[in-house]
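So this one's run10.cif, mmCIF, C-alpha atoms:
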```cif
data_model
#
loop_
_atom_site.label_atom_id
_atom_site.label_comp_id
_atom_site.auth_asym_id
_atom_site.auth_seq_id
_atom_site.Cartn_x
_atom_site.Cartn_y
_atom_site.Cartn_z
CA MET A 1 -12.74 -33.92 1.57
CA SER A 2 -9.27 -32.57 2.18
CA ASN A 3 -8.78 -28.84 1.98
CA ASN A 4 -5.56 -27.46 0.61
CA VAL A 5 -4.78 -23.97 1.76
CA TRP A 6 -2.30 -21.72 -0.04
CA GLN A 7 -0.65 -18.64 1.33
CA CYS A 8 0.82 -15.67 -0.51
CA ILE A 9 4.38 -15.43 0.75
CA THR A 10 4.44 -11.71 0.09
CA CYS A 11 1.43 -10.46 2.03
CA GLY A 12 0.04 -13.51 3.83
CA PHE A 13 -3.25 -13.73 1.90
CA ILE A 14 -4.88 -17.17 2.18
CA TYR A 15 -6.54 -19.12 -0.60
CA SER A 16 -8.66 -22.05 0.58
CA GLU A 17 -9.66 -24.58 -2.07
CA ASN A 18 -12.86 -25.44 -0.17
CA GLU A 19 -13.97 -21.83 -0.08
CA GLY A 20 -12.57 -20.59 -3.39
CA LEU A 21 -12.99 -16.89 -4.02
CA PRO A 22 -16.53 -16.43 -5.33
CA GLU A 23 -16.14 -12.63 -5.23
CA GLU A 24 -13.27 -13.01 -7.72
CA GLY A 25 -15.17 -15.43 -9.91
CA ILE A 26 -13.47 -18.55 -8.50
CA PRO A 27 -16.18 -20.93 -7.19
CA SER A 28 -15.82 -22.82 -3.91
CA GLY A 29 -14.06 -26.15 -4.36
CA THR A 30 -11.68 -24.85 -7.05
CA LYS A 31 -8.35 -26.65 -6.82
CA TRP A 32 -5.28 -24.44 -6.79
CA LEU A 33 -4.19 -25.96 -10.09
CA ASP A 34 -7.45 -24.80 -11.64
CA VAL A 35 -7.12 -21.20 -10.48
CA PRO A 36 -6.41 -19.21 -13.68
CA ASP A 37 -2.72 -18.58 -14.32
CA ASP A 38 -3.28 -14.85 -14.74
CA TRP A 39 -5.05 -14.57 -11.39
CA CYS A 40 -3.24 -12.25 -8.97
CA CYS A 41 -3.28 -12.05 -5.19
CA PRO A 42 -6.06 -9.59 -4.31
CA ASP A 43 -4.07 -8.11 -1.43
CA CYS A 44 -0.68 -7.48 -3.02
CA GLY A 45 -1.01 -8.20 -6.73
CA MET A 46 1.59 -10.99 -6.85
CA ASP A 47 0.93 -13.91 -9.17
CA LYS A 48 0.29 -17.58 -8.40
CA SER A 49 3.97 -18.44 -8.22
CA ASP A 50 4.23 -16.28 -5.11
CA PHE A 51 1.99 -18.68 -3.19
CA GLU A 52 2.98 -21.74 -1.22
CA MET A 53 0.91 -24.48 0.31
CA LEU A 54 0.30 -24.03 4.00
CA LEU A 55 0.24 -27.06 6.25
CA ILE A 56 -2.63 -26.76 8.69
CA ASN A 57 -4.32 -28.89 11.28
CA GLU A 58 -8.05 -28.97 10.78
CA MET B 59 -11.01 7.28 -34.99
CA SER B 60 -11.83 6.14 -31.48
CA LEU B 61 -10.12 8.00 -28.70
CA PRO B 62 -8.00 6.28 -26.06
CA CYS B 63 -8.42 5.65 -22.38
CA ILE B 64 -5.71 7.71 -20.74
CA ILE B 65 -4.49 6.74 -17.29
CA ILE B 66 -2.57 9.38 -15.36
CA GLY B 67 -0.08 7.87 -12.90
CA ALA B 68 2.02 4.76 -13.60
CA SER B 69 1.04 3.09 -10.35
CA HIS B 70 -0.10 -0.34 -9.24
CA ALA B 71 -3.70 0.83 -9.70
CA ALA B 72 -2.90 2.08 -13.21
CA VAL B 73 -1.39 -1.20 -14.36
CA GLN B 74 -4.22 -3.27 -12.88
CA LEU B 75 -6.77 -0.98 -14.51
CA SER B 76 -5.10 -1.10 -17.93
CA PHE B 77 -4.82 -4.90 -18.07
CA ASN B 78 -8.35 -5.31 -16.71
CA LEU B 79 -9.60 -3.07 -19.50
CA ARG B 80 -7.92 -5.27 -22.08
CA GLN B 81 -9.27 -8.45 -20.44
CA GLN B 82 -12.76 -7.01 -20.57
CA GLY B 83 -12.48 -6.20 -24.25
CA TRP B 84 -11.54 -2.51 -24.49
CA GLN B 85 -10.70 -2.20 -28.18
CA HIS B 86 -9.12 1.24 -28.30
CA ASP B 87 -5.74 2.59 -27.28
CA ILE B 88 -4.68 2.68 -23.66
CA ILE B 89 -2.02 5.16 -22.56
CA ILE B 90 -0.44 5.19 -19.11
CA ILE B 91 1.33 8.46 -18.33
CA GLY B 92 3.84 8.49 -15.46
CA ASN B 93 6.22 11.15 -14.22
CA GLU B 94 8.96 8.73 -13.13
CA SER B 95 11.60 7.28 -15.44
CA HIS B 96 11.12 3.67 -14.29
CA MET B 97 8.62 1.20 -15.66
CA PRO B 98 5.74 0.73 -13.17
CA TYR B 99 6.94 -1.11 -10.08
CA GLN B 100 5.63 -2.45 -6.79
CA LYS B 101 5.93 0.09 -4.01
CA PRO B 102 5.82 -2.10 -0.85
CA PRO B 103 9.23 -3.74 -1.48
CA LEU B 104 10.94 -0.33 -1.45
CA SER B 105 10.92 -0.40 2.34
CA LYS B 106 11.14 -4.20 2.57
CA SER B 107 13.01 -6.53 0.21
CA ILE B 108 14.73 -3.76 -1.79
CA MET B 109 16.17 -2.23 1.34
CA SER B 110 17.30 -5.57 2.71
CA GLN B 111 18.92 -6.31 -0.68
CA GLN B 112 16.81 -9.42 -1.28
CA LYS B 113 15.43 -7.96 -4.51
CA SER B 114 16.53 -5.53 -7.21
CA LEU B 115 14.39 -2.94 -8.97
CA GLU B 116 14.19 -5.23 -12.01
CA GLU B 117 12.63 -7.89 -9.82
CA ILE B 118 9.88 -5.64 -8.51
CA LEU B 119 8.62 -4.34 -11.86
CA LEU B 120 4.89 -4.97 -12.08
CA LYS B 121 5.16 -6.27 -15.65
CA LYS B 122 7.95 -6.74 -18.12
CA ASP B 123 8.05 -4.50 -21.17
CA GLU B 124 6.75 -7.19 -23.52
CA PHE B 125 3.52 -7.55 -21.55
CA TYR B 126 2.65 -3.92 -22.27
CA GLN B 127 3.58 -4.37 -25.92
CA ASP B 128 1.53 -7.55 -26.25
CA ALA B 129 -1.48 -5.89 -24.67
CA ASN B 130 -0.97 -2.76 -26.74
CA ILE B 131 -0.69 -0.56 -23.67
CA ARG B 132 1.48 2.47 -24.29
CA LEU B 133 3.67 3.77 -21.47
CA MET B 134 4.61 7.43 -21.53
CA LEU B 135 7.22 7.77 -18.78
CA ASN B 136 9.02 10.91 -17.61
CA THR B 137 5.91 12.82 -18.52
CA ASN B 138 3.96 15.33 -16.47
CA VAL B 139 0.33 16.20 -17.03
CA THR B 140 -0.43 19.82 -16.23
CA GLU B 141 -4.12 20.14 -16.93
CA ILE B 142 -7.37 18.32 -17.59
CA ASP B 143 -9.95 20.09 -19.74
CA ARG B 144 -13.20 18.25 -19.13
CA SER B 145 -15.20 20.32 -21.62
CA THR B 146 -13.03 19.22 -24.55
CA LYS B 147 -12.03 15.86 -22.97
CA THR B 148 -8.35 16.61 -23.36
CA ILE B 149 -5.29 16.69 -21.16
CA LYS B 150 -2.26 18.91 -21.54
CA LEU B 151 1.29 17.70 -20.98
CA ALA B 152 4.18 19.75 -19.59
CA ASN B 153 5.70 19.98 -23.07
CA GLY B 154 2.51 21.61 -24.34
CA GLU B 155 1.20 18.57 -26.19
CA VAL B 156 -2.56 18.04 -25.95
CA LEU B 157 -4.08 14.54 -25.92
CA ALA B 158 -7.76 13.74 -26.31
CA TYR B 159 -9.45 10.95 -24.36
CA SER B 160 -12.71 9.14 -24.37
CA LYS B 161 -12.21 7.95 -20.80
CA LEU B 162 -9.74 9.23 -18.24
CA ALA B 163 -8.42 7.47 -15.12
CA LEU B 164 -6.65 9.24 -12.27
CA CYS B 165 -4.18 6.98 -10.46
CA THR B 166 -2.00 9.78 -9.19
CA GLY B 167 -1.14 8.21 -5.84
CA ALA B 168 0.32 10.19 -2.99
CA ILE B 169 3.50 12.01 -2.06
CA ALA B 170 5.52 11.97 1.14
CA ASN B 171 4.78 14.74 3.64
CA LYS B 172 7.80 16.99 4.03
CA ILE B 173 9.20 19.10 6.85
CA SER B 174 12.09 21.52 6.82
CA LEU B 175 14.51 21.01 9.69
CA SER B 176 17.55 22.91 8.43
CA ASP B 177 18.23 26.31 6.86
CA LYS B 178 20.01 24.74 3.93
CA PRO B 179 19.57 21.35 2.24
CA LEU B 180 21.80 18.73 3.87
CA LEU B 181 23.07 15.57 2.23
CA GLY B 182 22.00 12.37 3.91
CA VAL B 183 18.38 13.39 4.51
CA HIS B 184 15.79 11.31 2.68
CA TYR B 185 12.13 10.56 2.20
CA LEU B 186 10.98 7.23 0.78
CA ARG B 187 8.21 7.11 -1.76
CA THR B 188 9.78 6.26 -5.12
CA ALA B 189 12.35 3.89 -6.56
CA GLU B 190 14.67 6.86 -6.99
CA ASP B 191 14.37 7.66 -3.27
CA ALA B 192 15.13 4.02 -2.47
CA ALA B 193 18.22 4.03 -4.71
CA LYS B 194 19.59 7.14 -2.96
CA ILE B 195 19.07 5.55 0.46
CA GLN B 196 20.69 2.32 -0.74
CA ASN B 197 23.77 4.22 -1.93
CA GLN B 198 24.19 5.83 1.42
CA LEU B 199 23.54 2.69 3.44
CA THR B 200 26.85 1.19 2.38
CA HIS B 201 28.72 3.65 4.59
CA ALA B 202 26.08 4.74 7.12
CA LYS B 203 26.66 4.03 10.80
CA ASN B 204 23.90 5.87 12.63
CA ALA B 205 20.47 6.29 11.14
CA VAL B 206 17.72 8.36 12.70
CA ILE B 207 14.20 7.76 11.48
CA ILE B 208 11.78 10.59 12.13
CA GLY B 209 8.31 9.08 12.43
CA GLY B 210 7.37 5.69 13.86
CA GLY B 211 4.90 4.65 11.16
CA PHE B 212 5.04 1.49 9.06
CA ILE B 213 7.55 2.89 6.55
CA GLY B 214 9.86 4.03 9.33
CA LEU B 215 9.60 0.73 11.18
CA GLU B 216 10.20 -1.40 8.09
CA LEU B 217 13.24 0.69 7.24
CA ALA B 218 14.46 0.45 10.83
CA ALA B 219 14.32 -3.36 10.59
CA ALA B 220 16.12 -3.40 7.23
CA PHE B 221 18.84 -0.95 8.37
CA ASN B 222 19.33 -2.86 11.61
CA GLN B 223 19.83 -6.09 9.73
CA ARG B 224 22.46 -4.38 7.62
CA GLY B 225 24.42 -3.41 10.73
CA VAL B 226 23.37 0.23 10.99
CA HIS B 227 22.48 1.59 14.42
CA VAL B 228 18.92 2.97 14.29
CA THR B 229 17.07 5.45 16.46
CA ILE B 230 13.39 6.10 15.83
CA LEU B 231 11.93 9.43 16.93
CA GLU B 232 8.18 9.31 17.44
CA ALA B 233 6.34 12.54 18.28
CA GLN B 234 3.35 10.70 19.83
CA GLU B 235 3.25 8.55 22.97
CA ASN B 236 3.56 5.37 20.94
CA ILE B 237 4.77 4.31 17.54
CA LEU B 238 2.03 3.57 14.99
CA GLN B 239 -0.39 5.69 17.00
CA ARG B 240 -2.29 6.81 13.92
CA VAL B 241 -3.13 3.24 12.90
CA VAL B 242 -3.08 0.78 15.83
CA THR B 243 -3.54 0.69 19.59
CA SER B 244 -1.00 0.37 22.40
CA GLU B 245 -1.11 -3.46 22.56
CA VAL B 246 0.27 -3.72 19.04
CA ALA B 247 2.61 -0.75 19.45
CA GLN B 248 4.19 -2.33 22.50
CA PHE B 249 4.68 -5.66 20.77
CA ILE B 250 6.34 -4.00 17.79
CA SER B 251 8.41 -1.70 20.03
CA SER B 252 9.71 -4.69 21.99
CA LEU B 253 10.56 -6.49 18.79
CA HIS B 254 12.69 -3.58 17.59
CA GLN B 255 14.29 -3.02 20.96
CA GLN B 256 15.27 -6.68 21.17
CA HIS B 257 17.16 -6.15 17.92
CA GLY B 258 18.92 -3.09 19.31
CA VAL B 259 16.84 -0.33 17.74
CA GLU B 260 16.27 2.66 20.03
CA ILE B 261 12.77 4.10 20.12
CA LYS B 262 12.20 7.53 21.61
CA ASN B 263 8.51 8.28 22.05
CA CYS B 264 7.20 11.82 22.68
CA CYS B 265 10.33 13.04 20.96
CA ILE B 266 10.09 15.80 18.38
CA ALA B 267 12.94 16.54 16.01
CA LYS B 268 13.60 20.27 16.05
CA ARG B 269 16.52 20.75 13.65
CA LEU B 270 19.28 19.00 11.80
CA THR B 271 22.90 20.03 12.09
CA GLY B 272 25.85 19.53 9.74
CA ASP B 273 27.91 21.35 7.12
CA SER B 274 27.12 19.83 3.77
CA TYR B 275 26.33 16.43 5.27
CA VAL B 276 23.92 15.87 8.13
CA SER B 277 25.71 15.10 11.42
CA ALA B 278 23.01 15.12 14.10
CA VAL B 279 19.37 15.62 14.97
CA VAL B 280 18.58 18.05 17.76
CA CYS B 281 15.33 17.26 19.57
CA GLU B 282 12.99 19.72 21.27
CA SER B 283 14.28 18.41 24.60
CA GLY B 284 17.74 19.69 23.62
CA GLU B 285 19.16 16.20 23.16
CA SER B 286 21.46 15.84 20.16
CA ILE B 287 21.56 12.45 18.42
CA PRO B 288 24.49 11.80 16.06
CA ALA B 289 23.32 10.67 12.62
CA ASP B 290 24.77 10.26 9.15
CA LEU B 291 21.49 9.10 7.63
CA ILE B 292 18.08 10.63 8.27
CA ILE B 293 14.79 9.26 7.03
CA ILE B 294 11.68 11.36 7.39
CA GLY B 295 8.56 9.19 7.35
CA ILE B 296 5.64 11.29 8.54
CA GLY B 297 2.83 10.16 6.29
CA ILE B 298 1.64 10.89 2.80
CA THR B 299 -0.71 13.30 1.08
CA PRO B 300 -2.92 12.27 -1.85
CA VAL B 301 -2.06 13.91 -5.16
CA THR B 302 -5.24 15.74 -6.11
CA THR B 303 -3.87 18.83 -7.86
CA LEU B 304 -5.13 17.95 -11.34
CA ALA B 305 -8.52 16.86 -10.01
CA THR B 306 -8.92 20.04 -7.99
CA LYS B 307 -7.92 22.22 -10.95
CA ALA B 308 -10.47 20.38 -13.08
CA ASN B 309 -13.17 21.07 -10.47
CA LEU B 310 -13.77 17.43 -9.65
CA ASP B 311 -15.10 16.76 -6.15
CA VAL B 312 -12.18 16.37 -3.74
CA ASP B 313 -12.33 15.69 0.00
CA ASN B 314 -9.19 14.18 1.53
CA GLY B 315 -8.69 12.57 -1.87
CA ILE B 316 -10.48 12.49 -5.20
CA LEU B 317 -14.05 11.54 -4.31
CA ILE B 318 -15.27 8.43 -6.09
CA ASN B 319 -18.49 6.47 -5.83
CA GLN B 320 -18.79 2.73 -5.15
CA PHE B 321 -17.89 2.03 -8.77
CA ALA B 322 -14.73 4.19 -8.71
CA VAL B 323 -16.29 6.95 -10.81
CA THR B 324 -15.49 10.58 -9.93
CA SER B 325 -17.97 13.45 -10.10
CA ASP B 326 -17.40 13.38 -13.89
CA PRO B 327 -18.86 10.20 -15.45
CA ASN B 328 -16.01 10.08 -17.99
CA ILE B 329 -13.34 10.09 -15.30
CA VAL B 330 -12.60 7.23 -12.92
CA ALA B 331 -9.94 7.12 -10.21
CA ALA B 332 -8.22 4.48 -8.10
CA GLY B 333 -5.61 4.07 -5.37
CA ASP B 334 -4.11 6.17 -2.60
CA CYS B 335 -5.38 9.39 -4.22
CA CYS B 336 -9.06 8.48 -3.70
CA SER B 337 -11.58 8.83 -0.93
CA TYR B 338 -14.95 7.11 -0.89
CA PHE B 339 -17.93 6.25 1.31
CA HIS B 340 -17.36 2.85 2.90
CA SER B 341 -20.64 0.97 3.02
CA ILE B 342 -19.79 -1.09 6.14
CA TYR B 343 -18.12 1.67 8.17
CA GLN B 344 -20.66 4.25 6.92
CA ARG B 345 -18.18 7.08 6.52
CA ASN B 346 -15.76 8.56 4.05
CA VAL B 347 -12.36 6.88 4.07
CA ARG B 348 -9.11 7.03 2.17
CA VAL B 349 -7.19 3.78 2.33
CA GLU B 350 -3.47 3.48 1.63
CA SER B 351 -2.95 -0.12 0.58
CA ILE B 352 -2.31 -2.27 -2.46
CA GLN B 353 -5.54 -4.20 -1.93
CA ASN B 354 -7.51 -0.96 -2.01
CA ALA B 355 -5.74 0.17 -5.20
CA LEU B 356 -6.41 -3.18 -6.89
CA ASP B 357 -10.07 -3.29 -5.87
CA GLN B 358 -10.73 0.25 -7.04
CA ALA B 359 -8.84 -0.35 -10.30
CA LYS B 360 -11.00 -3.41 -11.05
CA SER B 361 -14.17 -1.38 -10.39
CA ALA B 362 -12.84 1.53 -12.46
CA ALA B 363 -12.13 -0.75 -15.44
CA ALA B 364 -15.61 -2.25 -15.17
CA SER B 365 -17.19 1.20 -15.06
CA ILE B 366 -15.34 2.24 -18.21
CA MET B 367 -16.74 -0.87 -19.89
CA GLY B 368 -20.28 0.04 -18.78
CA LYS B 369 -20.48 -2.55 -16.00
CA GLU B 370 -20.76 -2.10 -12.24
CA ILE B 371 -18.52 -3.66 -9.60
CA ASP B 372 -19.13 -2.21 -6.14
CA PHE B 373 -15.87 -2.15 -4.14
CA SER B 374 -17.20 -0.02 -1.27
CA HIS B 375 -17.98 -2.93 1.06
CA ASN B 376 -14.53 -4.53 0.66
CA ILE B 377 -12.61 -4.79 3.92
CA PRO B 378 -9.42 -2.71 3.91
CA ARG B 379 -6.38 -4.97 4.24
CA PHE B 380 -2.72 -4.22 4.77
CA TRP B 381 0.49 -6.03 5.69
CA SER B 382 3.93 -5.17 7.02
CA ASP B 383 7.13 -7.21 7.23
CA GLN B 384 9.60 -6.47 10.01
CA TYR B 385 12.41 -8.90 10.90
CA ASP B 386 10.79 -12.34 10.90
CA ILE B 387 7.25 -11.22 11.60
CA LYS B 388 4.36 -10.60 9.25
CA LEU B 389 1.81 -8.17 10.58
CA GLN B 390 -1.58 -8.12 8.89
CA MET B 391 -4.39 -5.68 9.47
CA CYS B 392 -7.98 -5.78 8.32
CA GLY B 393 -10.81 -3.34 8.84
CA LEU B 394 -10.63 0.15 10.28
CA ILE B 395 -9.64 0.62 13.92
CA ASP B 396 -11.98 3.40 14.81
CA GLY B 397 -14.93 3.67 17.18
CA TYR B 398 -14.45 0.27 18.84
CA ASP B 399 -15.92 -0.44 22.29
CA ASN B 400 -14.12 -3.70 23.05
CA VAL B 401 -10.56 -4.96 22.53
CA GLU B 402 -9.55 -8.59 22.85
CA VAL B 403 -5.87 -9.51 22.97
CA ILE B 404 -4.94 -13.10 22.14
CA ASN B 405 -1.54 -14.62 22.92
CA PRO B 406 -0.18 -11.50 24.54
CA GLN B 407 2.71 -13.39 26.11
CA ASP B 408 3.71 -15.31 23.04
CA TYR B 409 6.60 -13.63 21.28
CA GLY B 410 5.82 -15.17 17.93
CA GLN B 411 2.14 -14.37 17.64
CA LEU B 412 -0.27 -11.68 18.67
CA SER B 413 -3.84 -11.03 17.63
CA VAL B 414 -5.82 -8.00 18.65
CA LEU B 415 -9.51 -7.93 17.81
CA TYR B 416 -11.56 -4.73 17.84
CA ARG B 417 -15.33 -4.92 18.22
CA LYS B 418 -18.19 -2.45 18.25
CA ASP B 419 -21.69 -3.42 19.37
CA ASN B 420 -20.44 -6.99 19.58
CA LYS B 421 -19.40 -7.05 15.92
CA LEU B 422 -15.82 -7.35 14.77
CA ILE B 423 -14.74 -4.16 12.98
CA ALA B 424 -10.97 -4.59 12.74
CA ALA B 425 -8.09 -6.90 13.64
CA VAL B 426 -4.32 -6.74 13.82
CA ILE B 427 -2.81 -10.18 13.52
CA ILE B 428 0.84 -11.10 13.73
CA ASN B 429 2.06 -14.41 12.29
CA ASN B 430 -1.35 -16.04 12.08
CA PRO B 431 -2.66 -15.78 8.49
CA LEU B 432 -5.47 -18.26 9.04
CA MET B 433 -6.94 -16.12 11.79
CA MET B 434 -6.61 -13.13 9.47
CA LYS B 435 -8.74 -14.90 6.89
CA GLN B 436 -11.41 -15.69 9.49
CA ALA B 437 -11.36 -12.12 10.80
CA ILE B 438 -11.91 -10.64 7.32
CA SER B 439 -14.88 -12.90 6.88
CA ALA B 440 -16.30 -11.98 10.29
CA ILE B 441 -16.05 -8.24 9.55
CA ALA B 442 -17.70 -8.66 6.16
CA ASN B 443 -20.53 -10.67 7.72
CA GLN B 444 -20.76 -8.30 10.71
CA GLU B 445 -20.17 -11.11 13.20
CA ALA B 446 -18.58 -11.00 16.65
CA PHE B 447 -15.88 -13.56 15.76
CA ILE B 448 -15.89 -15.76 18.85
CA HIS B 449 -13.11 -18.32 18.40
#
```

What's the structure tokens form of this structure?
Amino acid sequence: MSNNVWQCITCGFIYSENEGLPEEGIPSGTKWLDVPDDWCCPDCGMDKSDFEMLLINE
Amino acid sequence: MSLPCIIIGASHAAVQLSFNLRQQGWQHDIIIIGNESHMPYQKPPLSKSIMSQQKSLEEILLKKDEFYQDANIRLMLNTNVTEIDRSTKTIKLANGEVLAYSKLALCTGAIANKISLSDKPLLGVHYLRTAEDAAKIQNQLTHAKNAVIIGGGFIGLELAAAFNQRGVHVTILEAQENILQRVVTSEVAQFISSLHQQHGVEIKNCCIAKRLTGDSYVSAVVCESGESIPADLIIIGIGITPVTTLATKANLDVDNGILINQFAVTSDPNIVAAGDCCSYFHSIYQRNVRVESIQNALDQAKSAAASIMGKEIDFSHNIPRFWSDQYDIKLQMCGLIDGYDNVEVINPQDYGQLSVLYRKDNKLIAAVIINNPLMMKQAISAIANQEAFIH
């Protein structure tokens, strides 16, 4: 299964679709598109539009 | 009639707390009281994108006006609170007005530490904590040639980078042996020092500013060594102090910040607090800490909102996280660099990246990571799980 990873361009926080953010109520495996629109970056408070997909080699 | 939740301080923590309350179903009024004239804004860009002119104040507002209106959150700006009376559950404003609350939240933040270096106030000398401070610095930057920054902390370094990129010559005076000495170790300090020096910024370590000279406008800084450094712009960035005056007057427990428990509740069950003004017992580091970061403010605000709603969210095990932008690098920190017995430096020769891992008893306790966000993510996880983080 491919894992898309998104990075907050403001603070560098990483969201991994495989891992989700269970502590924020977002289960593992949650696609970025399915992350609630009002969710904010836990490190800097920016919204989803401040994230960009990160290309990684895994 | 049900009484409101009043939030003192129009900070990032305050806004997070207020909207969380609404999301969780708080039915009554919410009032945010702030002593600045601006709508609540993000603070980190003041030393970053605002200073480099990439963003305007409008662009760093936390929410637009209509969001507050839609959520029925009332903003009282330009307003000072002078007193909390816990026995009557009221607060008093500077204009004498008294407001009653059912729940109170203290998000009073922190203020810049000040020093006096001249007999009379000189123009051109600034601190940076508020949007108003940033606007004053911006105005002066258009004609500044030589800036001296007193204090080599993150604020000073971010401003140095922004000034440098706007063509201003910058000298940083650091009283300690290394910049950032309060927060990181020499490996990181040297990397950051080199970065600034490569851009032409001068860093003078072990250099203490003794006095400022000038008529109405500042013209130079005289150091304890006797050296005089010409300057038409001075920034003093020597740390911050939590604003605890109201809490102290109200006899709440205060110790290097307003003391809160793991659910962001103060020593009064009807009063919560969040942000830079708070100290708490960290359950992983097993000591009292006060953390100055957005992540900390957001985490505590979420817990505070839950507590008001009668729920419990424990934030005390969350790993402190922080970031800094300087030139083209993004520095990220996680954990607390204190009491380590082992330091591992990764990629020390690589200009673009550096990672420094701090361990105690073979468990990762902190990391400073430059330009490697994926490693940052792994490090946070390792600290939370009390692992060594062998990679």

#### Entry: Selection result for the PyMOL selection byres ((chain B) within 7 of (chain A)) on this file, as a PyMOL selection string
chain B and resi 352-353+356+379+381+431-432+435

### Query
Got a sec to resolve the PyMOL selection byres ((chain A and resi 31) around 12) on this structure and send the residues as a list of chain:residue names?
A:Met1, A:Ser2, A:Asn3, A:Asn4, A:Val5, A:Trp6, A:Tyr15, A:Ser16, A:Glu17, A:Asn18, A:Glu19, A:Gly20, A:Leu21, A:Ile26, A:Pro27, A:Ser28, A:Gly29, A:Thr30, A:Trp32, A:Leu33, A:Asp34, A:Val35, A:Pro36, A:Met53

### Query
At what distance in Å, to one decimal, does CA of Phe249 in chain B lie from CA of Gln436 in chain B?
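One can read the CA of Gln436 in chain B to CA of Phe249 in chain B distance as 22.1 Å.
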
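Going from CA of Thr148 in chain B over to CA of Ile329 in chain B, you cover 11.5 Å.
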
### Message
Taking 6 positions as the minimum chain separation for residues in the same chain, which residues sit within 12 Å of Gln248 in chain B when counting all atoms listed in the file? Answer as number ranges by chain.
### Response
B: 235-239, 242, 254-256, 261, 263, 406-407, 409, 412

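Nearest residue to His201 in chain B, choosing from B:Ala267, B:Leu115, B:Asp290, B:Asn138 and counting only C-alpha atoms: B:Asp290.
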
### Protein and nucleic acid residues near (16.7, 3.3, 21.2) (cut-off 12 Å, all atoms listed in the file) as a PyMOL selection string
chain B and resi 204-207+218+222+227-232+251-263+265+287

### Task
Could you state which residues are captured by the PyMOL selection byres ((chain B and resi 433) around 12) in this file, as an NGL selection string?
(:A and (12-14 or 56)) or (:B and (389-392 or 404 or 411-415 or 425-432 or 434-440 or 447-449))

### Task
Could you please determine the separation between CA of Phe212 in chain B and CA of Glu190 in chain B in Å, to one decimal place?
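Distance reported for this atom pair: 19.5 Å.
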
### Message
Every residue with an atom at most 6 Å from (-4.6, 0.7, -19.4) (file coordinates; all atoms listed in the file) is what I'm after, so could you write them as a PyMOL selection string?
### Response
chain B and resi 75-77+88+131

### Query
Val347 in chain B: which residues within 8 Å, counting only C-alpha atoms, same-chain residues fewer than 5 positions away excluded, as a list in words?
Ser337, Tyr338, Phe339 and His340 of chain B

### Task
Find the residue from B:Leu422, B:Leu304, B:Leu217, B:Ala192 that sits nearest to Lys150 in chain B; use all atoms listed in the file when measuring.
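Closest to Lys150 in chain B, using all atoms listed in the file: B:Leu304.
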
Expected axis-aligned box over every listed atom of range 202-206 of chain B, 8 Å added per side, centre plus edges in Å to one decimal, as lines of an AutoDock Vina configuration file:
```
center_x = 22.2
center_y = 6.2
center_z = 9.9
size_x = 24.9
size_y = 20.3
size_z = 21.6
```
